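File shown: data23.csv (CSV, C-alpha atoms and all ligand atoms).
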```csv
chain,number,residue,atom,x,y,z
A,1,MET,CA,-9.8,-2.7,14.5
A,2,GLU,CA,-8.7,-0.6,11.6
A,3,LYS,CA,-5.3,-1.5,10.1
A,4,VAL,CA,-2.5,0.4,8.4
A,5,VAL,CA,-0.3,-1.5,5.9
A,6,LEU,CA,3.2,-0.1,5.5
A,7,ILE,CA,5.4,-1.2,2.6
A,8,SER,CA,9.2,-0.9,2.7
A,9,GLY,CA,10.5,-0.6,-0.8
A,10,SER,CA,14.1,-1.3,0.2
A,11,PRO,CA,15.9,-4.6,-0.6
A,12,ARG,CA,17.7,-4.2,2.7
A,13,ALA,CA,15.6,-6.1,5.2
A,14,GLU,CA,16.8,-4.0,8.2
A,15,GLY,CA,17.8,-0.9,6.3
A,16,ASN,CA,16.8,2.7,6.9
A,17,THR,CA,13.4,2.5,5.3
A,18,MET,CA,12.4,-0.5,7.5
A,19,GLN,CA,13.7,1.3,10.6
A,20,ILE,CA,11.7,4.4,9.9
A,21,LEU,CA,8.6,2.5,9.0
A,22,SER,CA,8.9,0.6,12.3
A,23,ARG,CA,8.9,3.9,14.1
A,24,CYS,CA,5.8,4.9,12.2
A,25,ALA,CA,4.1,1.6,13.0
A,26,ALA,CA,4.8,2.1,16.7
A,27,LYS,CA,3.0,5.5,16.6
A,28,ILE,CA,0.1,4.0,14.8
A,29,GLU,CA,-0.3,1.2,17.3
A,30,ALA,CA,0.0,3.7,20.2
A,31,LEU,CA,-3.1,5.3,18.9
A,32,GLY,CA,-5.0,2.0,19.0
A,33,LEU,CA,-4.8,0.9,15.3
A,34,GLU,CA,-3.2,-2.3,13.9
A,35,SER,CA,-0.2,-2.1,11.6
A,36,GLU,CA,1.6,-4.5,9.3
A,37,ILE,CA,4.9,-3.8,7.6
A,38,ILE,CA,5.5,-5.6,4.3
A,39,SER,CA,9.1,-5.6,3.2
A,40,LEU,CA,10.0,-6.0,-0.5
A,41,SER,CA,13.4,-7.4,0.6
A,42,GLY,CA,13.8,-10.8,-1.1
A,43,LYS,CA,10.7,-10.2,-3.3
A,44,SER,CA,10.8,-9.3,-6.9
A,45,ILE,CA,7.9,-7.3,-8.2
A,46,ALA,CA,7.6,-7.2,-12.0
A,47,ALA,CA,6.4,-4.3,-14.0
A,48,CYS,CA,2.9,-4.1,-15.4
A,49,THR,CA,2.7,-5.6,-18.9
A,50,ALA,CA,-0.4,-3.8,-19.9
A,51,CYS,CA,-2.2,-7.1,-20.7
A,52,ARG,CA,-5.4,-5.7,-19.0
A,53,LYS,CA,-6.3,-9.2,-17.9
A,54,CYS,CA,-7.0,-7.8,-14.4
A,55,VAL,CA,-10.1,-6.0,-15.8
A,56,GLU,CA,-11.8,-9.4,-16.4
A,57,LEU,CA,-10.1,-11.6,-13.8
A,58,LYS,CA,-10.1,-9.0,-11.0
A,59,LYS,CA,-6.5,-9.9,-10.1
A,60,CYS,CA,-3.1,-9.7,-11.7
A,61,VAL,CA,-1.9,-12.7,-13.8
A,62,LEU,CA,1.9,-12.1,-13.1
A,63,PRO,CA,3.2,-14.8,-10.8
A,64,ASP,CA,4.7,-12.8,-7.9
A,65,SER,CA,3.5,-11.4,-4.5
A,66,LEU,CA,1.3,-8.6,-5.9
A,67,ASN,CA,-2.1,-10.2,-5.5
A,68,GLU,CA,-1.3,-11.2,-1.9
A,69,ILE,CA,-0.1,-7.6,-1.1
A,70,ALA,CA,-3.2,-6.1,-2.9
A,71,GLU,CA,-5.5,-8.2,-0.7
A,72,LYS,CA,-3.8,-6.9,2.5
A,73,VAL,CA,-4.0,-3.3,1.2
A,74,ARG,CA,-7.7,-3.8,0.3
A,75,ALA,CA,-8.5,-4.9,3.8
A,76,ALA,CA,-6.7,-2.0,5.5
A,77,LYS,CA,-7.8,1.6,6.0
A,78,GLY,CA,-4.3,3.0,5.8
A,79,PHE,CA,-1.5,2.7,3.3
A,80,ILE,CA,2.0,4.1,3.9
A,81,ILE,CA,4.9,3.5,1.5
A,82,GLY,CA,8.6,4.1,2.2
A,83,SER,CA,11.2,4.1,-0.5
A,84,PRO,CA,15.0,4.6,-0.6
A,85,VAL,CA,15.9,7.2,-3.2
A,86,TYR,CA,17.7,5.6,-6.1
A,87,PHE,CA,19.2,8.0,-8.7
A,88,GLY,CA,16.7,10.6,-7.7
A,89,THR,CA,13.6,8.4,-7.9
A,90,ALA,CA,11.7,5.7,-6.0
A,91,ARG,CA,13.0,2.1,-6.2
A,92,GLY,CA,11.7,0.4,-9.3
A,93,ASP,CA,10.0,-2.6,-7.6
A,94,LEU,CA,8.0,-0.3,-5.4
A,95,MET,CA,6.8,1.7,-8.4
A,96,ASN,CA,6.0,-1.6,-10.2
A,97,LEU,CA,3.9,-2.6,-7.2
A,98,LEU,CA,2.0,0.7,-7.1
A,99,GLN,CA,1.3,0.6,-10.8
A,100,ARG,CA,-0.1,-2.9,-10.7
A,101,LEU,CA,-2.0,-2.3,-7.5
A,102,GLY,CA,-3.6,0.7,-9.1
A,103,MET,CA,-4.7,-1.4,-12.0
A,104,VAL,CA,-6.1,-4.2,-9.8
A,105,ALA,CA,-7.9,-1.6,-7.5
A,106,SER,CA,-9.5,-0.1,-10.6
A,107,ALA,CA,-10.7,-3.5,-11.7
A,108,ASN,CA,-12.2,-4.0,-8.2
A,109,GLY,CA,-14.4,-1.0,-7.6
A,110,ARG,CA,-11.6,1.4,-7.0
A,111,PHE,CA,-10.9,0.0,-3.6
A,112,LEU,CA,-8.1,2.4,-2.8
A,113,SER,CA,-10.6,5.3,-2.6
A,114,TRP,CA,-10.6,7.1,0.8
A,115,LYS,CA,-7.8,5.0,2.2
A,116,VAL,CA,-5.5,7.3,4.2
A,117,GLY,CA,-1.7,7.3,3.8
A,118,GLY,CA,1.2,8.6,1.8
A,119,PRO,CA,4.8,8.3,1.0
A,120,ILE,CA,8.1,8.6,2.9
A,121,ALA,CA,11.4,9.0,1.1
A,122,ILE,CA,14.8,8.0,2.6
A,123,ASP,CA,18.0,9.2,1.0
A,124,ARG,CA,21.6,10.1,1.6
A,125,ARG,CA,21.5,13.6,0.2
A,126,GLY,CA,19.5,14.4,-3.0
A,127,GLY,CA,16.3,13.5,-4.9
A,128,SER,CA,13.9,13.0,-2.0
A,129,THR,CA,11.5,15.8,-2.9
A,130,ALA,CA,11.2,14.5,-6.4
A,131,THR,CA,10.7,11.0,-5.1
A,132,ILE,CA,7.9,12.1,-2.7
A,133,GLN,CA,6.2,13.9,-5.7
A,134,GLU,CA,6.6,10.8,-7.9
A,135,MET,CA,5.0,8.6,-5.2
A,136,LEU,CA,2.2,11.1,-4.5
A,137,MET,CA,0.9,10.8,-8.0
A,138,PHE,CA,-0.3,7.3,-7.1
A,139,PHE,CA,-2.2,8.5,-4.0
A,140,PHE,CA,-4.0,11.3,-5.7
A,141,ILE,CA,-5.1,9.5,-8.8
A,142,ASN,CA,-6.6,6.8,-6.6
A,143,GLU,CA,-8.7,9.2,-4.5
A,144,MET,CA,-6.7,8.6,-1.4
A,145,ILE,CA,-6.4,11.0,1.5
A,146,VAL,CA,-2.8,12.2,2.3
A,147,PRO,CA,-2.2,14.1,5.6
A,148,GLY,CA,0.8,16.3,6.1
A,149,SER,CA,3.4,16.7,8.8
A,150,PHE,CA,5.8,19.3,10.2
A,151,TYR,CA,7.9,19.0,7.1
A,152,TRP,CA,7.9,16.8,3.9
A,153,ASN,CA,8.3,13.1,4.6
A,154,ILE,CA,12.0,12.9,4.1
A,155,VAL,CA,14.6,11.2,6.3
A,156,PHE,CA,18.4,11.4,5.6
A,157,GLY,CA,20.7,8.4,6.1
A,158,ARG,CA,23.0,6.2,4.1
A,159,GLU,CA,24.1,3.2,6.0
A,160,PRO,CA,21.5,1.3,8.0
A,161,GLY,CA,20.9,3.1,11.3
A,162,GLU,CA,21.9,6.5,10.0
A,163,ALA,CA,18.3,7.6,9.3
A,164,LEU,CA,17.4,7.1,13.0
A,165,GLU,CA,20.1,9.7,13.8
A,166,ASP,CA,18.2,12.3,11.7
A,167,ALA,CA,16.1,13.6,14.6
A,168,GLU,CA,14.0,16.0,12.5
A,169,GLY,CA,13.4,13.4,9.8
A,170,VAL,CA,12.2,10.8,12.4
A,171,ARG,CA,9.9,13.4,14.1
A,172,THR,CA,8.4,14.3,10.7
A,173,ALA,CA,7.8,10.7,9.7
A,174,GLU,CA,6.3,9.8,13.2
A,175,ARG,CA,4.1,12.9,13.1
A,176,PHE,CA,2.9,11.9,9.6
A,177,ALA,CA,2.1,8.4,10.8
A,178,GLU,CA,0.2,9.8,13.8
A,179,ASN,CA,-1.8,12.1,11.5
A,180,VAL,CA,-2.7,9.1,9.2
A,181,ALA,CA,-4.0,7.2,12.3
A,182,LYS,CA,-5.9,10.2,13.5
A,183,VAL,CA,-7.6,10.8,10.2
A,184,ILE,CA,-8.6,7.1,10.1
A,185,LEU,CA,-10.0,7.4,13.6
A,186,LYS,CA,-12.0,10.5,12.6
A,187,LEU,CA,-13.3,8.9,9.4
A,188,THR,CA,-14.3,5.6,11.0
A,189,ALA,CA,-16.0,7.4,14.0
A,190,GLU,CA,-18.3,9.0,11.4
A,191,ASP,CA,-19.2,5.7,9.7
B,201,LIG,C1,21.3,2.2,-6.5
B,201,LIG,C2,21.3,3.3,-5.4
B,201,LIG,C3,21.1,4.6,-5.8
B,201,LIG,C4,21.0,5.6,-4.9
B,201,LIG,N1,20.7,6.9,-5.3
B,201,LIG,C5,20.6,7.9,-4.4
B,201,LIG,C6,20.2,9.2,-4.8
B,201,LIG,O1,19.9,9.5,-5.9
B,201,LIG,N2,20.2,10.2,-3.8
B,201,LIG,C7,20.6,9.9,-2.5
B,201,LIG,O2,20.6,10.9,-1.7
B,201,LIG,N3,20.9,8.7,-2.1
B,201,LIG,C8,20.9,7.7,-3.0
B,201,LIG,N4,21.2,6.4,-2.6
B,201,LIG,C9,21.4,6.1,-1.1
B,201,LIG,C10,20.1,5.5,-0.5
B,201,LIG,O3,19.0,6.2,-0.8
B,201,LIG,C11,20.3,5.5,1.0
B,201,LIG,O4,21.4,4.7,1.4
B,201,LIG,C12,19.1,5.0,1.8
B,201,LIG,O5,19.3,5.2,3.2
B,201,LIG,C13,18.9,3.5,1.6
B,201,LIG,O6,17.8,3.1,2.3
B,201,LIG,P1,17.7,1.6,2.8
B,201,LIG,O7,18.7,1.4,3.9
B,201,LIG,O8,16.3,1.4,3.4
B,201,LIG,O9,17.9,0.7,1.7
B,201,LIG,C14,21.3,5.3,-3.5
B,201,LIG,C15,21.6,4.0,-3.1
B,201,LIG,C16,21.6,3.0,-4.1
B,201,LIG,C17,21.8,1.6,-3.7
```
Could you write out this structure as structure tokens?
Ligand SMILES: Cc1cc2nc3c(=O)[nH]c(=O)nc-3n(C[C@H](O)[C@H](O)[C@H](O)COP(=O)(O)O)c2cc1C
Amino acid sequence: MEKVVLISGSPRAEGNTMQILSRCAAKIEALGLESEIISLSGKSIAACTACRKCVELKKCVLPDSLNEIAEKVRAAKGFIIGSPVYFGTARGDLMNLLQRLGMVASANGRFLSWKVGGPIAIDRRGGSTATIQEMLMFFFINEMIVPGSFYWNIVFGREPGEALEDAEGVRTAERFAENVAKVILKLTAED
């Protein structure tokens, strides 16, 4: 069965990002796909050091969870990321993950190509469109397929639980997740 990996970039294990991604995962499973949410809560993902050792070793030499996460992403057909907005941008650890994942994927036959997914931004009030755009750069340079939704993938909320009260935001994120699953089903039916 095809799988979608979802990454919550929040340090809050049960925060808004995790709650929204859980709703997305439920929609994906309802369409018959597997899902796994990986939380960056409690993890520290270092920034790329540009050592380029991944080119020869086919994995990252930095001693954190990146290689383990990269293997899970590699095995999946879908890849969704959710980030809280921090000062108008995505959380640093999540961007660290994306940048190192991009390098490792490039060293391994560009394994991100044709995976289906995209970003979701969660914020209290401002910076979510810039954050979506920032995260989209990763998807497009890696030949990934990004479906749309009714609106941009933005959900409003500050304290944990508030994002679920943003009915339009939840509907938008859920629709996006369904579209990711449906594109995967179409693509794999043609294989
Ligand atoms: C360091 C920090 C910076 C933040 N910067 C912004 C911001 O620029 N714009 C905004 O609307 N909310 C901002 N917020 C609020 C969070 O985006 C918001 O609380 C979000 O729901 C957190 O998601 P989480 O519960 O998954 O961690 C910031 C929060 C923190 C901790």
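In this comparison, which uses all atoms listed in the file, the residue of A:Ala130, A:Met135, A:Ala173, A:Val180 approaching Pro147 (chain A) most closely is A:Val180.
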Which residues of chain A sit at most 8 Å from ligand LIG 201 (chain B), using all atoms listed in the file? Give each one's shortest atom pair and distance in Å (one decimal place), in chain and ascending residue order, as a tab-separated table.
```
residue	atom	partner	partner_atom	distance
A:Ser8	CA	B:LIG201	O8	7.5
A:Gly9	CA	B:LIG201	O8	7.4
A:Ser10	CA	B:LIG201	O9	4.5
A:Pro11	CA	B:LIG201	O9	6.1
A:Arg12	CA	B:LIG201	O9	5.0
A:Ala13	CA	B:LIG201	O8	7.7
A:Glu14	CA	B:LIG201	O7	7.2
A:Gly15	CA	B:LIG201	O7	3.4
A:Asn16	CA	B:LIG201	O8	3.8
A:Thr17	CA	B:LIG201	O8	3.6
A:Met18	CA	B:LIG201	O8	6.0
A:Gln19	CA	B:LIG201	O8	7.7
A:Ser83	CA	B:LIG201	O8	7.0
A:Pro84	CA	B:LIG201	O6	4.3
A:Val85	CA	B:LIG201	O3	4.0
A:Tyr86	CA	B:LIG201	N1	3.4
A:Phe87	CA	B:LIG201	O1	3.3
A:Gly88	CA	B:LIG201	O1	3.8
A:Thr89	CA	B:LIG201	O1	6.7
A:Ile122	CA	B:LIG201	C12	5.3
A:Asp123	CA	B:LIG201	O3	3.6
A:Arg124	CA	B:LIG201	O2	3.5
A:Arg125	CA	B:LIG201	O2	3.4
A:Gly126	CA	B:LIG201	O2	3.9
A:Gly127	CA	B:LIG201	N2	5.2
A:Ser128	CA	B:LIG201	O2	7.0
A:Phe156	CA	B:LIG201	O5	6.7
A:Gly157	CA	B:LIG201	O5	4.5
A:Arg158	CA	B:LIG201	O4	3.5
A:Glu159	CA	B:LIG201	O4	5.5
A:Pro160	CA	B:LIG201	O7	5.0
A:Gly161	CA	B:LIG201	O7	7.9
A:Glu162	CA	B:LIG201	O5	7.4
A:Ala163	CA	B:LIG201	O5	6.6
```
Expressed in Å, the length from CA of Arg23 (chain A) to CA of Ile132 (chain A) is 18.7 Å
Polymer residues at most 8 Å from Phe139 (chain A), all atoms listed in the file, same-chain spacing of 6 or more positions, as a PyMOL selection string: chain A and resi 117-118+145-146
Here CA of Phe79 (chain A) and CA of Val4 (chain A) stand apart by 5.7 Å
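The two atoms in question, CA of Ser39 (chain A) and CA of Ile7 (chain A), are spaced 5.8 Å apart.
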Can you tell me which residues surround Lys115 (chain A) at a distance of at most 6 Å, considering all atoms listed in the file, apart from same-chain residues fewer than 4 positions away, and format the answer as JSON, numbers by chain? {"A": [77, 78, 144]}
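Residues of protein, DNA and RNA with at least one atom no farther than 12 Å from (-12.0, -5.8, -19.4) are, using all atoms listed in the file, Ala50, Cys51, Arg52, Lys53, Cys54, Val55, Glu56, Leu57, Lys58, Lys59, Met103, Val104, Ser106, Ala107 and Asn108 of chain A.
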Contact table region 91-129 of chain A vs region 64-72 of chain A, cut-off 10 Å, shortest pair per residue, all atoms listed in the file, as JSON lines:
```
{"residue": "A:Asn96", "atom": "CA", "partner": "A:Leu66", "partner_atom": "CA", "distance": 9.5}
{"residue": "A:Leu97", "atom": "CA", "partner": "A:Leu66", "partner_atom": "CA", "distance": 6.7}
{"residue": "A:Leu98", "atom": "CA", "partner": "A:Leu66", "partner_atom": "CA", "distance": 9.4}
{"residue": "A:Arg100", "atom": "CA", "partner": "A:Leu66", "partner_atom": "CA", "distance": 7.6}
{"residue": "A:Leu101", "atom": "CA", "partner": "A:Ala70", "partner_atom": "CA", "distance": 6.1}
{"residue": "A:Gly102", "atom": "CA", "partner": "A:Ala70", "partner_atom": "CA", "distance": 9.2}
{"residue": "A:Val104", "atom": "CA", "partner": "A:Ala70", "partner_atom": "CA", "distance": 7.7}
{"residue": "A:Ala105", "atom": "CA", "partner": "A:Ala70", "partner_atom": "CA", "distance": 8.0}
{"residue": "A:Phe111", "atom": "CA", "partner": "A:Ala70", "partner_atom": "CA", "distance": 9.8}
{"residue": "A:Leu112", "atom": "CA", "partner": "A:Ala70", "partner_atom": "CA", "distance": 9.8}
```
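With all atoms listed in the file as the atoms that count, the minimum distance from Leu185 (chain A) to the choices A:Cys24, A:Glu2, A:Thr172, A:Ile45 is reached by A:Glu2.
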Identify which of the residues A:Ile20, A:Trp114, A:Leu6, A:Val183 lies closest to Arg171 (chain A), counting all atoms listed in the file when measuring atom-to-atom distances. A:Ile20
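Shortest atom-to-atom contact with Ile81 (chain A) among A:Gly109, A:Glu34, A:Val5, A:Ile154: A:Val5, counting all atoms listed in the file.
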Please rebuild region 57-80 of chain A with N, CA and C atoms and return the result as a PDB file, keeping the file's coordinate frame.
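This went into out04.pdb:
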```
ATOM      1  N   LEU A  57     -10.315 -10.624 -14.850  1.00  0.00           N
ATOM      2  CA  LEU A  57     -10.100 -11.600 -13.800  1.00  0.00           C
ATOM      3  C   LEU A  57     -10.088 -11.049 -12.391  1.00  0.00           C
ATOM      4  N   LYS A  58     -10.057  -9.725 -12.289  1.00  0.00           N
ATOM      5  CA  LYS A  58     -10.100  -9.000 -11.000  1.00  0.00           C
ATOM      6  C   LYS A  58      -8.818  -9.235 -10.174  1.00  0.00           C
ATOM      7  N   LYS A  59      -7.795  -9.801 -10.804  1.00  0.00           N
ATOM      8  CA  LYS A  59      -6.500  -9.900 -10.100  1.00  0.00           C
ATOM      9  C   LYS A  59      -5.413  -9.918 -11.211  1.00  0.00           C
ATOM     10  N   CYS A  60      -4.170  -9.802 -10.759  1.00  0.00           N
ATOM     11  CA  CYS A  60      -3.100  -9.700 -11.700  1.00  0.00           C
ATOM     12  C   CYS A  60      -2.608 -11.144 -12.088  1.00  0.00           C
ATOM     13  N   VAL A  61      -2.265 -11.329 -13.363  1.00  0.00           N
ATOM     14  CA  VAL A  61      -1.900 -12.700 -13.800  1.00  0.00           C
ATOM     15  C   VAL A  61      -0.355 -12.922 -13.615  1.00  0.00           C
ATOM     16  N   LEU A  62       0.408 -11.912 -13.292  1.00  0.00           N
ATOM     17  CA  LEU A  62       1.900 -12.100 -13.100  1.00  0.00           C
ATOM     18  C   LEU A  62       2.126 -12.889 -11.841  1.00  0.00           C
ATOM     19  N   PRO A  63       3.046 -13.868 -11.886  1.00  0.00           N
ATOM     20  CA  PRO A  63       3.200 -14.800 -10.800  1.00  0.00           C
ATOM     21  C   PRO A  63       4.204 -14.281  -9.688  1.00  0.00           C
ATOM     22  N   ASP A  64       3.839 -13.212  -8.995  1.00  0.00           N
ATOM     23  CA  ASP A  64       4.700 -12.800  -7.900  1.00  0.00           C
ATOM     24  C   ASP A  64       3.747 -12.411  -6.708  1.00  0.00           C
ATOM     25  N   SER A  65       4.249 -11.641  -5.763  1.00  0.00           N
ATOM     26  CA  SER A  65       3.500 -11.400  -4.500  1.00  0.00           C
ATOM     27  C   SER A  65       2.404 -10.314  -4.663  1.00  0.00           C
ATOM     28  N   LEU A  66       2.211  -9.744  -5.847  1.00  0.00           N
ATOM     29  CA  LEU A  66       1.300  -8.600  -5.900  1.00  0.00           C
ATOM     30  C   LEU A  66      -0.088  -8.828  -5.436  1.00  0.00           C
ATOM     31  N   ASN A  67      -0.680  -9.949  -5.851  1.00  0.00           N
ATOM     32  CA  ASN A  67      -2.100 -10.200  -5.500  1.00  0.00           C
ATOM     33  C   ASN A  67      -2.239 -10.324  -3.950  1.00  0.00           C
ATOM     34  N   GLU A  68      -1.273 -11.001  -3.345  1.00  0.00           N
ATOM     35  CA  GLU A  68      -1.300 -11.200  -1.900  1.00  0.00           C
ATOM     36  C   GLU A  68      -1.207  -9.807  -1.189  1.00  0.00           C
ATOM     37  N   ILE A  69      -0.302  -8.969  -1.673  1.00  0.00           N
ATOM     38  CA  ILE A  69      -0.100  -7.600  -1.100  1.00  0.00           C
ATOM     39  C   ILE A  69      -1.399  -6.800  -1.335  1.00  0.00           C
ATOM     40  N   ALA A  70      -1.952  -6.903  -2.540  1.00  0.00           N
ATOM     41  CA  ALA A  70      -3.200  -6.100  -2.900  1.00  0.00           C
ATOM     42  C   ALA A  70      -4.308  -6.477  -1.936  1.00  0.00           C
ATOM     43  N   GLU A  71      -4.458  -7.761  -1.584  1.00  0.00           N
ATOM     44  CA  GLU A  71      -5.500  -8.200  -0.700  1.00  0.00           C
ATOM     45  C   GLU A  71      -5.339  -7.537   0.710  1.00  0.00           C
ATOM     46  N   LYS A  72      -4.076  -7.478   1.140  1.00  0.00           N
ATOM     47  CA  LYS A  72      -3.800  -6.900   2.500  1.00  0.00           C
ATOM     48  C   LYS A  72      -4.106  -5.375   2.430  1.00  0.00           C
ATOM     49  N   VAL A  73      -3.727  -4.727   1.353  1.00  0.00           N
ATOM     50  CA  VAL A  73      -4.000  -3.300   1.200  1.00  0.00           C
ATOM     51  C   VAL A  73      -5.511  -3.065   1.184  1.00  0.00           C
ATOM     52  N   ARG A  74      -6.193  -3.900   0.443  1.00  0.00           N
ATOM     53  CA  ARG A  74      -7.700  -3.800   0.300  1.00  0.00           C
ATOM     54  C   ARG A  74      -8.354  -3.847   1.657  1.00  0.00           C
ATOM     55  N   ALA A  75      -7.868  -4.739   2.507  1.00  0.00           N
ATOM     56  CA  ALA A  75      -8.500  -4.900   3.800  1.00  0.00           C
ATOM     57  C   ALA A  75      -8.143  -3.831   4.815  1.00  0.00           C
ATOM     58  N   ALA A  76      -7.129  -3.049   4.511  1.00  0.00           N
ATOM     59  CA  ALA A  76      -6.700  -2.000   5.500  1.00  0.00           C
ATOM     60  C   ALA A  76      -7.331  -0.684   5.159  1.00  0.00           C
ATOM     61  N   LYS A  77      -7.298   0.195   6.155  1.00  0.00           N
ATOM     62  CA  LYS A  77      -7.800   1.600   6.000  1.00  0.00           C
ATOM     63  C   LYS A  77      -6.694   2.527   5.645  1.00  0.00           C
ATOM     64  N   GLY A  78      -5.485   2.154   6.039  1.00  0.00           N
ATOM     65  CA  GLY A  78      -4.300   3.000   5.800  1.00  0.00           C
ATOM     66  C   GLY A  78      -3.269   2.372   4.973  1.00  0.00           C
ATOM     67  N   PHE A  79      -2.539   3.206   4.224  1.00  0.00           N
ATOM     68  CA  PHE A  79      -1.500   2.700   3.300  1.00  0.00           C
ATOM     69  C   PHE A  79      -0.351   3.657   3.252  1.00  0.00           C
ATOM     70  N   ILE A  80       0.762   3.244   3.849  1.00  0.00           N
ATOM     71  CA  ILE A  80       2.000   4.100   3.900  1.00  0.00           C
ATOM     72  C   ILE A  80       3.063   3.345   3.101  1.00  0.00           C
TER      73      ILE A  80
END
```
